[in-house]
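Structure first, commentary second.
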Amino acid sequence: MESTSHAFKDNVHEALRDERLQRALGKMKVGFQGNRRRAIERLPEFEALRDEGRAIKDHVLEHLDFYLERFESRVVEAGGHVHWCRTAAEARETIARICRDAGARTVTKGKSMVAEEIAINDHLEREGFEPIETDLGEYIIQLRREPPSHIIAPAVHLSKEDVAEAFYAAHRDLDPERSLVEPTALISEARAMLRQKFQQADVGITGANFLIAETGSTVIVTNEGNGDLTQTLPRVHVVLASLEKVVPTLEDASTILRLLARSATGQEFSAYTTFSTGPRRPGDPDGPQEFHVVLLDNGRTAMLGTEFQEMLRCIRCGACMNHCPVYASVGGHAYGWVYPGPMGAVLTPSLIGVDAAGHLPNASTFCGRCESVCPMRIPLPKMMRHWREKEYAAGLTPATQRWGLGFWAWFARRPGLYHLGTRLAAGLLGRLGRRQGRLRRLPLAGGWTDWRDMPAPEGRTFQQLWAERRESARREDAR
């Protein structure tokens with residue numbers, strides 16, 4: 001997937017003007033937040049589980065080489081194969097080679113953000129294969145030739161009318177006069193079309209929510225069952241996963257699974273939680289003849305031992321973006337690459353560079369909601385600040401911002417002048433906004449007032465109010 005993160009500001013303006021997108025985002029916010037809150041209220045030990053999950057992932061990251069090697073040995077013992085890939089290009093070619101060796105023509109695919117990261121569908125098409133997304137949301141956006149806009153609800157930006165339009169355009173063998181008004185009709189049509197592809201597939205590709213070092217198992221969680229069909233019907237099953245997905249034991253995976261669905265969709269558990277260990281054994285009723293695990297680095301190991309290591313605890317639940325006011329205003333496509341929202345604002349610069357994605361860490365109000373809802377307690381605002389520091393140190397921020405910050409630093413180091421200036425500014429702005437309590441336009445603040453009003457100051461600065469309160473307390477003590 002080609003990044004447009006460098007054009008984030010232009011993407012944002014386009015998203016804010018898209019009325020259909022704004023309606024879709026409004027519906028998304030209500031559903032995800034409410035479902036999560038109710039699910040957590042039913043689990044008194046949720047906060048303790050967050051601490052356990054963080055400890056498990058921190059332990060793994062400190063001993064990542066050991067657990068990955070143990071995972072590999074268990075996969076091999078079970079009859080599978082492990083492929084180590086440093087880059088996206090290596091992973092793409094490894095998967096294409098497996099497909100060629102299998103004599104494949106059709107490749108079914110479960111939802112995988114890592115697969116989006118390496119743009120595997122485009123590569124497979126260039127190599128002569130037909131990749132078919134089997135998650136309903138991913139299938140819809142594949143028909144529309146769009147990237148996902150959310151990591152767990154890839155088509156959340158679309159209405160049912162948008163979906164119907166895509167189905168009419170793609171499913172030309174069906175009656176053009178058929179009704180696709182009801183959601184059930186859309187689902188039934190997608191199921192019928194995908195069933196044919198499941199039966200034709202020679203290779204199935206899935207991601208992995210967890211890799212279990214103890215047993216060599218891979219774990220996927222889905223709500224549609226498409227992942228199970230993708231990995232059991234074809235002759236070859238390929239698991240594509242990034243290195244940090246490994247956990248030590250089945251018990252550790254179970255602990256984090258209790259956090260995952262509650263944080264993502266508000267379910268206690270997803271409808272399907274599937275553990276796969278190697279290819280089909282004698283006596284097994286189903287399963288692939290070959291089992292391959294493609295382990296992708298693509299910049300992860302470079303994050304170890306840095307201020308961004310904690311980002312590798314992420315379990316891709318999407319809670320941070322579901323509660324982020326910026327994401328709720330602009331959606332996922334504005335972020336310009338695979339990972340949107342607060343987690344993308346940290347992970348994307350780590351993987352493609354701050355020069356290409358430096359706008360993203362700046363797209364935050366720092367309200368802290370992302371960190372407060374993260375099941376793995378990832379300090380996302382702190383890491384976004386680190387990226388801002390690196391962007392500034394590299395001279396990548398616009399000259400106007402650098403001059404502005406320099407002036408602010410000069411001003412703030414002179415308390416007398418600072419207090420006088422802020423008192424005058426607060427008084428003036430308070431007078432200008434006195435009638436309505438807000439300011440519709442402000443010089444040099446168009447980035448704010450183009451989209452919302454600026455609350456007018458009440459006329460006094462924080463320092464003035466603080467001094468008055470301190471003086472009042474002193475007088476009370478004197479009495």
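If you're wondering about the labels, chains in the structure tokens are A, B, ... by order shown, residues count from 1 in each chain, ligands from 1 in order shown.
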**Report entry** DSSP alpha helix (DSSP H) selection over stretch 75-308 of chain A, as a PyMOL selection string
**Finding:** chain A and resi 75-77+88-101+113-117+120-126+136-143+160-170+183-200+226-232+250-264
Query - Selection near A:Leu211, 9 Å with only C-alpha atoms, sequence-local residues under 6 positions removed, as a PyMOL selection string - result: chain A and resi 68+71+217-219+241+243-248+253
Can I get the selection written as a compact mmCIF listing (two decimals), in the first residue's frame, with C-alpha atoms?
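Final file, result-v6.txt:
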# COMPACT_ATOMS: atom_id res chain seq x y z
CA LEU A 68 10.51 -16.92 18.46
CA PHE A 71 7.88 -21.16 18.41
CA SER A 217 0.08 -22.83 17.41
CA THR A 218 -1.32 -19.79 15.68
CA VAL A 219 -4.54 -18.11 16.82
CA ALA A 241 2.42 -12.53 11.21
CA LEU A 243 7.37 -10.96 15.16
CA GLU A 244 5.80 -9.35 18.24
CA LYS A 245 2.67 -11.54 18.03
CA VAL A 246 4.39 -14.36 19.94
CA VAL A 247 3.35 -15.19 23.53
CA PRO A 248 4.90 -17.85 25.77
CA ALA A 253 -2.88 -16.20 25.09
Report task. For A:Leu250, work out the shell of residues within 12 Å, counting only C-alpha atoms and skipping chain neighbours fewer than 5 positions away, then give it as a list in words. Result -> Ile56, Phe210, Leu211, Ile212, Ala213, Glu214, Thr215, Gly216, Ser217, Thr218, Val219, Thr255, Ile256, Leu257 and Phe275 of chain A
Requested in this report: Fewer than 6 positions away in the same chain doesn't count, so skip those; otherwise give me all residues within 12 Å of A:Leu360, counting only C-alpha atoms, as a VMD selection string.
Outcome: chain A and resid 4 to 9 11 to 12 326 to 327 332 334 to 337 339 to 350 352 to 354 381 383 to 385 387 to 388 391
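Closest approach to A:Pro325 from the set A:Ala15, A:Val294, A:Leu25, A:Val107 is made by A:Leu25, with distances taken over only C-alpha atoms.
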